[in-house]
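Novice: This one is final10.pdb, PDB, N, CA and C atoms.
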ATOM      1  N   MET N   1       2.893 -21.482  -9.946
ATOM      2  CA  MET N   1       4.215 -20.913  -9.808
ATOM      3  C   MET N   1       4.232 -19.520 -10.426
ATOM      4  N   LEU N   2       5.158 -18.722  -9.940
ATOM      5  CA  LEU N   2       5.337 -17.373 -10.462
ATOM      6  C   LEU N   2       6.728 -17.251 -11.068
ATOM      7  N   TYR N   3       6.783 -16.576 -12.183
ATOM      8  CA  TYR N   3       8.063 -16.342 -12.840
ATOM      9  C   TYR N   3       8.199 -14.858 -13.134
ATOM     10  N   GLY N   4       9.429 -14.369 -13.056
ATOM     11  CA  GLY N   4       9.682 -12.981 -13.393
ATOM     12  C   GLY N   4      10.569 -12.325 -12.355
ATOM     13  N   GLU N   5      10.811 -11.051 -12.558
ATOM     14  CA  GLU N   5      11.628 -10.289 -11.625
ATOM     15  C   GLU N   5      10.822  -9.991 -10.369
ATOM     16  N   VAL N   6      11.497 -10.003  -9.226
ATOM     17  CA  VAL N   6      10.828  -9.818  -7.938
ATOM     18  C   VAL N   6      10.063  -8.504  -7.884
ATOM     19  N   ASP N   7      10.659  -7.410  -8.359
ATOM     20  CA  ASP N   7       9.983  -6.110  -8.325
ATOM     21  C   ASP N   7       8.682  -6.133  -9.128
ATOM     22  N   GLN N   8       8.710  -6.782 -10.284
ATOM     23  CA  GLN N   8       7.507  -6.854 -11.118
ATOM     24  C   GLN N   8       6.440  -7.728 -10.455
ATOM     25  N   ILE N   9       6.841  -8.831  -9.861
ATOM     26  CA  ILE N   9       5.881  -9.699  -9.163
ATOM     27  C   ILE N   9       5.231  -8.936  -8.019
ATOM     28  N   LYS N  10       6.018  -8.181  -7.253
ATOM     29  CA  LYS N  10       5.459  -7.394  -6.153
ATOM     30  C   LYS N  10       4.466  -6.355  -6.672
ATOM     31  N   ARG N  11       4.809  -5.684  -7.771
ATOM     32  CA  ARG N  11       3.896  -4.692  -8.345
ATOM     33  C   ARG N  11       2.598  -5.349  -8.809
ATOM     34  N   ASN N  12       2.701  -6.566  -9.364
ATOM     35  CA  ASN N  12       1.513  -7.264  -9.836
ATOM     36  C   ASN N  12       0.567  -7.625  -8.691
ATOM     37  N   PHE N  13       1.100  -7.819  -7.503
ATOM     38  CA  PHE N  13       0.285  -8.183  -6.355
ATOM     39  C   PHE N  13      -0.045  -6.997  -5.452
ATOM     40  N   ALA N  14       0.429  -5.812  -5.812
ATOM     41  CA  ALA N  14       0.181  -4.635  -4.977
ATOM     42  C   ALA N  14      -1.315  -4.348  -4.919
ATOM     43  N   GLY N  15      -1.795  -4.129  -3.736
ATOM     44  CA  GLY N  15      -3.207  -3.800  -3.557
ATOM     45  C   GLY N  15      -3.409  -2.305  -3.602
ATOM     46  N   ASN N  16      -4.536  -1.881  -3.193
ATOM     47  CA  ASN N  16      -4.851  -0.467  -3.183
ATOM     48  C   ASN N  16      -4.483   0.094  -1.808
ATOM     49  N   ALA N  17      -3.194   0.331  -1.615
ATOM     50  CA  ALA N  17      -2.702   0.801  -0.320
ATOM     51  C   ALA N  17      -1.455   1.653  -0.531
ATOM     52  N   VAL N  18      -1.179   2.507   0.459
ATOM     53  CA  VAL N  18       0.040   3.313   0.440
ATOM     54  C   VAL N  18       0.745   3.197   1.788
ATOM     55  N   THR N  19       2.029   3.451   1.762
ATOM     56  CA  THR N  19       2.832   3.488   2.976
ATOM     57  C   THR N  19       3.374   4.899   3.125
ATOM     58  N   ILE N  20       3.257   5.443   4.351
ATOM     59  CA  ILE N  20       3.703   6.811   4.620
ATOM     60  C   ILE N  20       4.603   6.808   5.845
ATOM     61  N   THR N  21       5.717   7.509   5.737
ATOM     62  CA  THR N  21       6.561   7.778   6.891
ATOM     63  C   THR N  21       6.325   9.230   7.249
ATOM     64  N   GLY N  22       5.854   9.481   8.445
ATOM     65  CA  GLY N  22       5.576  10.847   8.855
ATOM     66  C   GLY N  22       4.692  10.908  10.077
ATOM     67  N   GLN N  23       4.248  12.120  10.376
ATOM     68  CA  GLN N  23       3.418  12.350  11.545
ATOM     69  C   GLN N  23       2.151  13.069  11.137
ATOM     70  N   GLY N  24       1.062  12.745  11.824
ATOM     71  CA  GLY N  24      -0.188  13.432  11.556
ATOM     72  C   GLY N  24      -1.378  12.528  11.762
ATOM     73  N   ASP N  25      -2.544  13.044  11.408
ATOM     74  CA  ASP N  25      -3.792  12.306  11.538
ATOM     75  C   ASP N  25      -4.082  11.609  10.221
ATOM     76  N   PHE N  26      -3.673  10.364  10.117
ATOM     77  CA  PHE N  26      -3.896   9.600   8.898
ATOM     78  C   PHE N  26      -5.184   8.783   8.975
ATOM     79  N   LEU N  27      -5.878   8.852  10.112
ATOM     80  CA  LEU N  27      -7.089   8.057  10.315
ATOM     81  C   LEU N  27      -8.310   8.653   9.636
ATOM     82  N   ASN N  28      -8.352   9.966   9.491
ATOM     83  CA  ASN N  28      -9.545  10.636   8.974
ATOM     84  C   ASN N  28      -9.315  11.260   7.606
ATOM     85  N   VAL N  29      -8.753  10.491   6.701
ATOM     86  CA  VAL N  29      -8.489  10.965   5.348
ATOM     87  C   VAL N  29      -9.561  10.389   4.426
ATOM     88  N   PRO N  30     -10.204  11.218   3.617
ATOM     89  CA  PRO N  30     -11.230  10.699   2.710
ATOM     90  C   PRO N  30     -10.676   9.592   1.813
ATOM     91  N   GLY N  31     -11.415   8.499   1.709
ATOM     92  CA  GLY N  31     -11.006   7.379   0.866
ATOM     93  C   GLY N  31     -10.134   6.350   1.560
ATOM     94  N   VAL N  32      -9.781   6.591   2.816
ATOM     95  CA  VAL N  32      -8.950   5.641   3.561
ATOM     96  C   VAL N  32      -9.858   4.771   4.422
ATOM     97  N   LEU N  33      -9.802   3.459   4.194
ATOM     98  CA  LEU N  33     -10.613   2.513   4.955
ATOM     99  C   LEU N  33      -9.988   2.174   6.300
ATOM    100  N   GLU N  34      -8.669   2.039   6.296
ATOM    101  CA  GLU N  34      -7.952   1.644   7.511
ATOM    102  C   GLU N  34      -6.577   2.289   7.508
ATOM    103  N   ALA N  35      -6.158   2.762   8.670
ATOM    104  CA  ALA N  35      -4.809   3.302   8.837
ATOM    105  C   ALA N  35      -4.210   2.623  10.050
ATOM    106  N   ARG N  36      -3.056   1.982   9.849
ATOM    107  CA  ARG N  36      -2.393   1.335  10.980
ATOM    108  C   ARG N  36      -0.899   1.567  10.897
ATOM    109  N   GLN N  37      -0.289   1.639  12.069
ATOM    110  CA  GLN N  37       1.146   1.861  12.134
ATOM    111  C   GLN N  37       1.871   0.530  12.186
ATOM    112  N   VAL N  38       2.872   0.386  11.315
ATOM    113  CA  VAL N  38       3.674  -0.832  11.244
ATOM    114  C   VAL N  38       5.139  -0.415  11.207
ATOM    115  N   ASN N  39       5.874  -0.767  12.266
ATOM    116  CA  ASN N  39       7.309  -0.441  12.345
ATOM    117  C   ASN N  39       7.590   1.041  12.119
ATOM    118  N   GLY N  40       6.752   1.907  12.664
ATOM    119  CA  GLY N  40       6.965   3.347  12.566
ATOM    120  C   GLY N  40       6.382   3.998  11.322
ATOM    121  N   ASP N  41       5.977   3.199  10.340
ATOM    122  CA  ASP N  41       5.353   3.730   9.128
ATOM    123  C   ASP N  41       3.848   3.546   9.228
ATOM    124  N   TRP N  42       3.122   4.334   8.474
ATOM    125  CA  TRP N  42       1.669   4.198   8.399
ATOM    126  C   TRP N  42       1.307   3.448   7.131
ATOM    127  N   HIS N  43       0.454   2.446   7.268
ATOM    128  CA  HIS N  43      -0.066   1.692   6.134
ATOM    129  C   HIS N  43      -1.535   2.058   5.991
ATOM    130  N   LEU N  44      -1.890   2.666   4.857
ATOM    131  CA  LEU N  44      -3.266   3.101   4.620
ATOM    132  C   LEU N  44      -3.904   2.220   3.552
ATOM    133  N   SER N  45      -4.981   1.544   3.908
ATOM    134  CA  SER N  45      -5.763   0.761   2.951
ATOM    135  C   SER N  45      -6.805   1.688   2.343
ATOM    136  N   LEU N  46      -6.855   1.709   1.019
ATOM    137  CA  LEU N  46      -7.718   2.653   0.323
ATOM    138  C   LEU N  46      -9.009   1.994  -0.150
ATOM    139  N   ALA N  47     -10.070   2.776  -0.149
ATOM    140  CA  ALA N  47     -11.364   2.307  -0.648
ATOM    141  C   ALA N  47     -11.272   2.104  -2.156
ATOM    142  N   GLN N  48     -12.090   1.208  -2.658
ATOM    143  CA  GLN N  48     -12.140   0.987  -4.092
ATOM    144  C   GLN N  48     -12.530   2.288  -4.778
ATOM    145  N   GLY N  49     -11.818   2.641  -5.821
ATOM    146  CA  GLY N  49     -12.082   3.892  -6.526
ATOM    147  C   GLY N  49     -11.249   5.060  -6.030
ATOM    148  N   THR N  50     -10.535   4.880  -4.914
ATOM    149  CA  THR N  50      -9.646   5.917  -4.391
ATOM    150  C   THR N  50      -8.229   5.606  -4.861
ATOM    151  N   SER N  51      -7.596   6.574  -5.468
ATOM    152  CA  SER N  51      -6.229   6.363  -5.962
ATOM    153  C   SER N  51      -5.220   6.907  -4.951
ATOM    154  N   PRO N  52      -3.991   6.427  -5.003
ATOM    155  CA  PRO N  52      -2.951   7.002  -4.151
ATOM    156  C   PRO N  52      -2.802   8.509  -4.375
ATOM    157  N   GLN N  53      -3.026   8.969  -5.606
ATOM    158  CA  GLN N  53      -2.930  10.392  -5.896
ATOM    159  C   GLN N  53      -4.017  11.179  -5.159
ATOM    160  N   ASP N  54      -5.228  10.603  -5.057
ATOM    161  CA  ASP N  54      -6.306  11.251  -4.309
ATOM    162  C   ASP N  54      -5.904  11.452  -2.851
ATOM    163  N   VAL N  55      -5.304  10.416  -2.268
ATOM    164  CA  VAL N  55      -4.891  10.480  -0.864
ATOM    165  C   VAL N  55      -3.768  11.496  -0.701
ATOM    166  N   PHE N  56      -2.820  11.488  -1.637
ATOM    167  CA  PHE N  56      -1.713  12.436  -1.570
ATOM    168  C   PHE N  56      -2.226  13.873  -1.608
ATOM    169  N   LYS N  57      -3.178  14.153  -2.498
ATOM    170  CA  LYS N  57      -3.756  15.497  -2.593
ATOM    171  C   LYS N  57      -4.468  15.884  -1.296
ATOM    172  N   ALA N  58      -5.223  14.936  -0.709
ATOM    173  CA  ALA N  58      -5.930  15.215   0.545
ATOM    174  C   ALA N  58      -4.943  15.491   1.672
ATOM    175  N   LEU N  59      -3.846  14.733   1.716
ATOM    176  CA  LEU N  59      -2.836  14.948   2.758
ATOM    177  C   LEU N  59      -2.104  16.270   2.548
ATOM    178  N   ALA N  60      -1.818  16.605   1.300
ATOM    179  CA  ALA N  60      -1.109  17.855   1.003
ATOM    180  C   ALA N  60      -1.950  19.071   1.378
ATOM    181  N   ALA N  61      -3.267  18.934   1.314
ATOM    182  CA  ALA N  61      -4.158  20.044   1.646
ATOM    183  C   ALA N  61      -4.212  20.320   3.149
ATOM    184  N   ARG N  62      -3.751  19.361   3.940
ATOM    185  CA  ARG N  62      -3.759  19.523   5.399
ATOM    186  C   ARG N  62      -2.421  20.085   5.858
ATOM    187  N   ASN N  63      -2.465  21.078   6.701
ATOM    188  CA  ASN N  63      -1.226  21.663   7.215
ATOM    189  C   ASN N  63      -0.684  20.899   8.409
ATOM    190  N   ALA N  64      -1.487  20.033   9.022
ATOM    191  CA  ALA N  64      -1.093  19.345  10.244
ATOM    192  C   ALA N  64      -0.393  18.011   9.980
ATOM    193  N   ILE N  65      -0.165  17.678   8.724
ATOM    194  CA  ILE N  65       0.462  16.404   8.398
ATOM    195  C   ILE N  65       1.834  16.662   7.795
ATOM    196  N   LYS N  66       2.809  15.938   8.329
ATOM    197  CA  LYS N  66       4.176  16.037   7.815
ATOM    198  C   LYS N  66       4.598  14.649   7.368
ATOM    199  N   SER N  67       4.859  14.497   6.090
ATOM    200  CA  SER N  67       5.290  13.192   5.597
ATOM    201  C   SER N  67       6.685  13.300   5.000
ATOM    202  N   LYS N  68       7.474  12.282   5.273
ATOM    203  CA  LYS N  68       8.832  12.211   4.742
ATOM    204  C   LYS N  68       8.902  11.287   3.536
ATOM    205  N   ARG N  69       7.956  10.332   3.494
ATOM    206  CA  ARG N  69       7.947   9.354   2.411
ATOM    207  C   ARG N  69       6.508   8.946   2.140
ATOM    208  N   PHE N  70       6.154   8.839   0.879
ATOM    209  CA  PHE N  70       4.816   8.430   0.447
ATOM    210  C   PHE N  70       5.018   7.506  -0.739
ATOM    211  N   GLU N  71       4.577   6.252  -0.612
ATOM    212  CA  GLU N  71       4.753   5.319  -1.726
ATOM    213  C   GLU N  71       3.625   4.301  -1.758
ATOM    214  N   ILE N  72       3.413   3.734  -2.924
ATOM    215  CA  ILE N  72       2.430   2.672  -3.065
ATOM    216  C   ILE N  72       2.977   1.451  -2.350
ATOM    217  N   ALA N  73       2.157   0.861  -1.507
ATOM    218  CA  ALA N  73       2.589  -0.276  -0.694
ATOM    219  C   ALA N  73       2.696  -1.530  -1.556
ATOM    220  N   GLU N  74       3.785  -2.252  -1.354
ATOM    221  CA  GLU N  74       3.965  -3.536  -2.022
ATOM    222  C   GLU N  74       3.924  -4.625  -0.968
ATOM    223  N   PRO N  75       3.333  -5.759  -1.290
ATOM    224  CA  PRO N  75       3.274  -6.850  -0.323
ATOM    225  C   PRO N  75       4.638  -7.508  -0.152
ATOM    226  N   SER N  76       4.805  -8.174   0.963
ATOM    227  CA  SER N  76       6.048  -8.913   1.190
ATOM    228  C   SER N  76       6.044 -10.187   0.349
ATOM    229  N   LEU N  77       7.210 -10.768   0.152
ATOM    230  CA  LEU N  77       7.289 -12.034  -0.572
ATOM    231  C   LEU N  77       6.561 -13.140   0.188
ATOM    232  N   ASP N  78       6.570 -13.063   1.523
ATOM    233  CA  ASP N  78       5.822 -14.036   2.326
ATOM    234  C   ASP N  78       4.337 -13.965   2.009
ATOM    235  N   ASP N  79       3.787 -12.734   1.957
ATOM    236  CA  ASP N  79       2.367 -12.563   1.630
ATOM    237  C   ASP N  79       2.059 -13.118   0.241
ATOM    238  N   ILE N  80       2.916 -12.811  -0.718
ATOM    239  CA  ILE N  80       2.700 -13.284  -2.088
ATOM    240  C   ILE N  80       2.716 -14.805  -2.128
ATOM    241  N   PHE N  81       3.651 -15.416  -1.420
ATOM    242  CA  PHE N  81       3.735 -16.872  -1.375
ATOM    243  C   PHE N  81       2.440 -17.468  -0.813
ATOM    244  N   ILE N  82       1.977 -16.917   0.302
ATOM    245  CA  ILE N  82       0.754 -17.429   0.932
ATOM    246  C   ILE N  82      -0.439 -17.263   0.000
ATOM    247  N   TRP N  83      -0.583 -16.067  -0.604
ATOM    248  CA  TRP N  83      -1.701 -15.831  -1.519
ATOM    249  C   TRP N  83      -1.655 -16.797  -2.704
ATOM    250  N   THR N  84      -0.441 -17.056  -3.224
ATOM    251  CA  THR N  84      -0.302 -17.934  -4.376
ATOM    252  C   THR N  84      -0.671 -19.366  -4.008
ATOM    253  N   VAL N  85      -0.184 -19.835  -2.868
ATOM    254  CA  VAL N  85      -0.472 -21.202  -2.432
ATOM    255  C   VAL N  85      -1.962 -21.371  -2.126
ATOM    256  N   GLU N  86      -2.543 -20.374  -1.452
ATOM    257  CA  GLU N  86      -3.965 -20.450  -1.098
ATOM    258  C   GLU N  86      -4.879 -20.089  -2.267
ATOM    259  N   GLY N  87      -4.337 -19.367  -3.240
ATOM    260  CA  GLY N  87      -5.157 -18.903  -4.355
ATOM    261  C   GLY N  87      -6.153 -17.825  -3.938
ATOM    262  N   THR N  88      -5.762 -17.010  -2.936
ATOM    263  CA  THR N  88      -6.694 -16.022  -2.383
ATOM    264  C   THR N  88      -6.600 -14.659  -3.034
ATOM    265  N   GLN N  89      -5.575 -14.374  -3.791
ATOM    266  CA  GLN N  89      -5.484 -13.067  -4.438
ATOM    267  C   GLN N  89      -4.912 -13.234  -5.831
ATOM    268  N   GLU N  90      -5.601 -12.687  -6.798
ATOM    269  CA  GLU N  90      -5.133 -12.728  -8.169
ATOM    270  C   GLU N  90      -4.235 -11.534  -8.439
ATOM    271  N   PRO N  91      -3.130 -11.720  -9.144
ATOM    272  CA  PRO N  91      -2.282 -10.573  -9.481
ATOM    273  C   PRO N  91      -2.976  -9.648 -10.454
ATOM    274  N   LYS N  92      -2.649  -8.363 -10.347
ATOM    275  CA  LYS N  92      -3.148  -7.383 -11.310
ATOM    276  C   LYS N  92      -2.204  -7.377 -12.496
ATOM    277  N   HIS N  93      -2.728  -7.135 -13.641
ATOM    278  CA  HIS N  93      -1.886  -7.096 -14.843
ATOM    279  C   HIS N  93      -1.843  -5.671 -15.333
ATOM    280  N   ALA N  94      -0.657  -5.046 -15.206
ATOM    281  CA  ALA N  94      -0.496  -3.642 -15.566
ATOM    282  C   ALA N  94      -0.266  -3.471 -17.044
TER     283      ALA N  94
END
Represent the structure from my file as structure tokens, please.

Specialist:
Amino acid sequence: MLYGEVDQIKRNFAGNAVTITGQGDFLNVPGVLEARQVNGDWHLSLAQGTSPQDVFKALAARNAIKSKRFEIAEPSLDDIFIWTVEGTQEPKHA
């Protein structure tokens, strides 16, 4: 079972990914393993050792990318429930 505030639980299960609202080539960014569009936003999975700040700096250096929102991706409560029941992902402790 999990106890605590929902925002904190989501942060504890956040993986190494960012969500971006904007336009541009998000597929060829150094440190990005996968880029996929979900409901109009881009979800970028980052390689181990790549920080969201690294990706932000790489995107800022490109003139062809326009982003309206850049944030660390948090998993849905459904994902957290499944991971907890299956025991497939351990929460990070900040």

Novice: Which neighbours of region 9-22 of chain N fall inside 8 Å, counting only C-alpha atoms, when residues of the same chain fewer than 4 positions from it are skipped, and could you give them as a PyMOL selection string?

Specialist: chain N and resi 2-5+40-48+51-52+65-77+80+89-94

Novice: From the DSSP assignment of the backbone, select every residue of chain N that is strand (DSSP E), and format the answer as a ChimeraX atom specification.

Specialist: /N:17-23,32-38,41-46,66-72

Novice: Which one of N:Asp25, N:Asp78, N:Glu34, N:Glu86 sits closest to Asn63 (chain N) if you count only C-alpha atoms?

Specialist: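 Of N:Asp25, N:Asp78, N:Glu34, N:Glu86, the one nearest Asn63 (chain N) is N:Asp25, counting only C-alpha atoms.
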
Novice: Just list the residues in region 13-71 of chain N DSSP gives alpha helix (DSSP H) on the backbone, as a count of residues only.

Specialist: 10

Novice: Would you work out the distance separating atom C of Phe81 (chain N) from atom N of Leu33 (chain N), expressed in Å to one decimal?

Specialist: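 Computing the Euclidean distance for atom C of Phe81 (chain N) and atom N of Leu33 (chain N) yields 24.8 Å.
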
Novice: Which residue out of N:Phe26, N:Gly31, N:Asp7, N:Gly87 has the minimum interatomic distance to Asp54 (chain N) when all atoms listed in the file are used?

Specialist: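 Residue with the minimum atom-to-atom distance to Asp54 (chain N): N:Gly31.
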
Novice: One decimal, in Å: what's the spacing between atom N of Asp79 (chain N) and atom N of Ala35 (chain N)?

Specialist: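 Interatomic distance here is 19.6 Å.
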
Novice: Which is closest to Gln37 (chain N) among N:Gln53, N:Gln23, N:Gln8, N:Thr84, if we use only C-alpha atoms?

Specialist: N:Gln23

Novice: Provide the atom N of Pro30 (chain N) to CA of Ala58 (chain N) distance in Å, to one decimal place.

Specialist: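 CA of Ala58 (chain N) lies 6.6 Å from atom N of Pro30 (chain N).
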
Novice: Where's the centre, and what are the edge lengths in Å to one decimal, of a box along x, y and z enclosing all listed atoms of region 70-85 of chain N padded 4 Å per side, as JSON?

Specialist:
{"center_x": 2.7, "center_y": -6.3, "center_z": -1.0, "size_x": 17.3, "size_y": 38.2, "size_z": 14.7}
